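In what follows, a single structure is set out as structure tokens and then discussed.
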Amino acid sequence: MTAALEIVDLHAWYGESHILHGINLRVEAGEVVTLLGRNGAGRSTTLRAILGLTGRRTGSIKVNGTEAIGLPTYQVAHLGIGYCPEERGLFASLTAEENLLLPPQLKGAQGTGMTLDEIYTMFPNLYERRNSQGTRLSGGEQQMLAVARILRTGARLLLLDEMSEGLAPVIVQSLARMIMTLKAKAYTIVMVEQNFRFAAPLADRFHVLEHGQVVETIAASELTSRMPVLTELLGV
């Protein structure tokens with residue numbers, strides 16, 4: 001069966017700096033996978049390398065069976081990938097609804113994007129703040145808007161970078177419910193997370209990165225028995 005995302009021996013550089021040293025990763029359609037690791041381990045760079053947002057890359061990145069390592073970023077996105085960076089990337093001069101309406105449908109996406117009604121049902125806070133400028137929303141509302149904007153495009157493979165960082169616990173709980181809803185709708189999600197408590201009940205599998213390599217892979221069913229190993233690797 002073709003994986004939603006298959007990465008083999010991925011190396012990536014920023015200028016002369018060799019950041020990723022042979023990442024191997026396979027994500028099946030409908031799975032939620034979390035990349036864990038200390039700061040500087042290469043987690044965010046892995047997401048950026050998938051889209052071609054780093055410098056030189058070598059290896060293989062297949063999205064639904066299509067080789068993407070040599071494609072420019074816009075063509076990778078049209079394979080059905082949505083990327084939510086840590087900084088969210090909202091347009092300050094646009095309202096929340098205008099931010100939502102801005103991105104076009106991805107030509108290569110496997111399905112149509114969510115309608116505004118569907119998005120407002122999932123994110124009622126955004127409906128209430130739809131006429132507010134994007135940067136005047138709370139941190140949690142901005143994060144919801146950044147994810148919702150991706151869902152409008154028809155992307156089915158979501159790359160989410162540090163979604164819960166700096167947010168209040170009640171907002172983090174709302175984001176967790178959102179991930180579970182998307183999982184139930186068969187979205188494929190790769191998350192970079194520092195907040196292990198947030199990620200633990202959501203992911204099917206955890207990949208621990210060190211020095212630009214995957215050094216440990218733990219299935220959700222193994223989490224309790226492998227917790228000592230995970231604690232040592234993450235220093236938590």
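Within each chain, counting starts at residue 1; across the structure tokens, chains are named A, B, ... in the order shown, with ligands numbered 1 upward in that order.
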Contact residues around Thr112 in chain A with only C-alpha atoms at 10 Å, ignoring same-chain residues under 4 positions, as a PDB file with C-alpha atoms, in the first residue's frame:
```pdb
ATOM      1  CA  GLN A 105      -7.598  25.114  -3.981  1.00  0.00           C
ATOM      2  CA  LEU A 106      -4.621  22.821  -4.534  1.00  0.00           C
ATOM      3  CA  LYS A 107      -4.804  21.276  -8.004  1.00  0.00           C
ATOM      4  CA  LEU A 151      -8.125  23.097   5.428  1.00  0.00           C
ATOM      5  CA  ARG A 152      -9.678  25.422   2.841  1.00  0.00           C
ATOM      6  CA  THR A 153      -7.103  24.334   0.238  1.00  0.00           C
ATOM      7  CA  GLY A 154      -8.017  20.645   0.071  1.00  0.00           C
ATOM      8  CA  ALA A 155      -4.708  19.473   1.532  1.00  0.00           C
ATOM      9  CA  ARG A 156      -4.989  16.074   3.216  1.00  0.00           C
TER      10      ARG A 156
END
```
From the DSSP assignment of the backbone, select every residue of range 13-223 of chain A that is helix (DSSP H, G or I), and format the answer as a PyMOL selection string. chain A and resi 43-50+73-77+96-101+116-122+124-128+134-136+139-151+169-184+196-199+220-223
Contacts of range 80-88 of chain A at 6 Å (only C-alpha atoms; same-chain gap of 6+ positions) as a PDB file with C-alpha atoms, in the first residue's frame:
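Saved result, around.pdb, follows:
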```
ATOM      1  CA  GLY A 108      -3.330  17.963  -6.904  1.00  0.00           C
ATOM      2  CA  ALA A 109      -5.293  17.639  -3.660  1.00  0.00           C
ATOM      3  CA  ALA A 146      -3.585  29.176  10.519  1.00  0.00           C
ATOM      4  CA  ILE A 150      -4.893  25.091   5.235  1.00  0.00           C
ATOM      5  CA  ALA A 155      -4.708  19.473   1.532  1.00  0.00           C
ATOM      6  CA  ARG A 156      -4.989  16.074   3.216  1.00  0.00           C
ATOM      7  CA  LEU A 157      -1.433  15.815   4.545  1.00  0.00           C
ATOM      8  CA  LEU A 158      -0.885  18.415   7.248  1.00  0.00           C
ATOM      9  CA  LEU A 159       2.531  19.429   8.601  1.00  0.00           C
ATOM     10  CA  LEU A 160       2.026  21.247  11.920  1.00  0.00           C
ATOM     11  CA  ASP A 161       4.978  22.881  13.673  1.00  0.00           C
ATOM     12  CA  GLU A 162       4.738  23.511  17.451  1.00  0.00           C
TER      13      GLU A 162
END
```
Near Arg57 in chain A, counting only C-alpha atoms, which residues have an atom at most 10 Å away, once you skip same-chain residues fewer than 6 positions from it, shown as a PyMOL selection string? chain A and resi 10-14+18+20+49-50+69-70
Ala203 in chain A surroundings by only C-alpha atoms, 10 Å radius, close-in-sequence under 3 positions cut, as a ChimeraX atom specification: /A:31-35,179-180,183,189-191,198-200,206,219-220
Please, could you write that set of residues out with N, CA and C atoms as a PDB file, in the first residue's frame?
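The new file result_8.pdb reads:
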```pdb
ATOM      1  N   GLU A  31      -2.904   8.563   9.495  1.00  0.00           N
ATOM      2  CA  GLU A  31      -2.158   8.496  10.762  1.00  0.00           C
ATOM      3  C   GLU A  31      -1.832   9.887  11.291  1.00  0.00           C
ATOM      4  N   VAL A  32      -1.646   9.945  12.612  1.00  0.00           N
ATOM      5  CA  VAL A  32      -1.078  11.119  13.266  1.00  0.00           C
ATOM      6  C   VAL A  32       0.276  10.702  13.829  1.00  0.00           C
ATOM      7  N   VAL A  33       1.324  11.370  13.385  1.00  0.00           N
ATOM      8  CA  VAL A  33       2.690  11.047  13.793  1.00  0.00           C
ATOM      9  C   VAL A  33       3.313  12.290  14.407  1.00  0.00           C
ATOM     10  N   THR A  34       4.034  12.101  15.502  1.00  0.00           N
ATOM     11  CA  THR A  34       4.668  13.223  16.193  1.00  0.00           C
ATOM     12  C   THR A  34       6.186  13.085  16.128  1.00  0.00           C
ATOM     13  N   LEU A  35       6.866  14.192  15.802  1.00  0.00           N
ATOM     14  CA  LEU A  35       8.318  14.257  15.840  1.00  0.00           C
ATOM     15  C   LEU A  35       8.726  14.915  17.150  1.00  0.00           C
ATOM     16  N   ILE A 179      -7.436  18.117  16.442  1.00  0.00           N
ATOM     17  CA  ILE A 179      -6.632  17.041  15.852  1.00  0.00           C
ATOM     18  C   ILE A 179      -7.432  15.744  15.803  1.00  0.00           C
ATOM     19  N   MET A 180      -8.163  15.438  16.864  1.00  0.00           N
ATOM     20  CA  MET A 180      -8.965  14.211  16.887  1.00  0.00           C
ATOM     21  C   MET A 180     -10.070  14.258  15.833  1.00  0.00           C
ATOM     22  N   LYS A 183      -8.420  13.689  12.497  1.00  0.00           N
ATOM     23  CA  LYS A 183      -8.043  12.274  12.387  1.00  0.00           C
ATOM     24  C   LYS A 183      -9.268  11.424  12.027  1.00  0.00           C
ATOM     25  N   ILE A 189      -1.506  13.561   9.513  1.00  0.00           N
ATOM     26  CA  ILE A 189      -0.916  14.689  10.236  1.00  0.00           C
ATOM     27  C   ILE A 189       0.472  14.320  10.748  1.00  0.00           C
ATOM     28  N   VAL A 190       1.437  15.183  10.463  1.00  0.00           N
ATOM     29  CA  VAL A 190       2.779  15.072  11.039  1.00  0.00           C
ATOM     30  C   VAL A 190       2.990  16.316  11.894  1.00  0.00           C
ATOM     31  N   MET A 191       3.160  16.109  13.189  1.00  0.00           N
ATOM     32  CA  MET A 191       3.298  17.222  14.128  1.00  0.00           C
ATOM     33  C   MET A 191       4.710  17.262  14.703  1.00  0.00           C
ATOM     34  N   PHE A 198       0.587  17.076  25.361  1.00  0.00           N
ATOM     35  CA  PHE A 198      -0.367  17.379  24.297  1.00  0.00           C
ATOM     36  C   PHE A 198      -0.356  16.284  23.240  1.00  0.00           C
ATOM     37  N   ALA A 199       0.836  15.837  22.869  1.00  0.00           N
ATOM     38  CA  ALA A 199       0.971  14.889  21.769  1.00  0.00           C
ATOM     39  C   ALA A 199       0.618  13.458  22.165  1.00  0.00           C
ATOM     40  N   ALA A 200       0.855  13.099  23.416  1.00  0.00           N
ATOM     41  CA  ALA A 200       0.766  11.690  23.835  1.00  0.00           C
ATOM     42  C   ALA A 200      -0.568  11.018  23.492  1.00  0.00           C
ATOM     43  N   PHE A 206       5.440   7.846  17.573  1.00  0.00           N
ATOM     44  CA  PHE A 206       6.345   8.925  17.963  1.00  0.00           C
ATOM     45  C   PHE A 206       7.737   8.616  17.417  1.00  0.00           C
ATOM     46  N   ALA A 219       5.533   3.189  19.044  1.00  0.00           N
ATOM     47  CA  ALA A 219       4.104   3.163  18.746  1.00  0.00           C
ATOM     48  C   ALA A 219       3.316   3.574  19.983  1.00  0.00           C
ATOM     49  N   ALA A 220       2.106   4.082  19.758  1.00  0.00           N
ATOM     50  CA  ALA A 220       1.272   4.505  20.884  1.00  0.00           C
ATOM     51  C   ALA A 220       1.038   3.358  21.859  1.00  0.00           C
TER      52      ALA A 220
END
```
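Around Arg43 in chain A, within 7 Å and counting only C-alpha atoms, the residues found are A:Leu35, A:Thr46, A:Leu47, A:Val192, A:Leu209, once anything fewer than 3 positions away on its own chain is removed.
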Using only C-alpha atoms for the distances, tell me which of A:His207, A:Lys185, A:Arg226, A:Arg129 is nearest to Ala29 in chain A.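 Distance minimum relative to Ala29 in chain A lands on A:Lys185.
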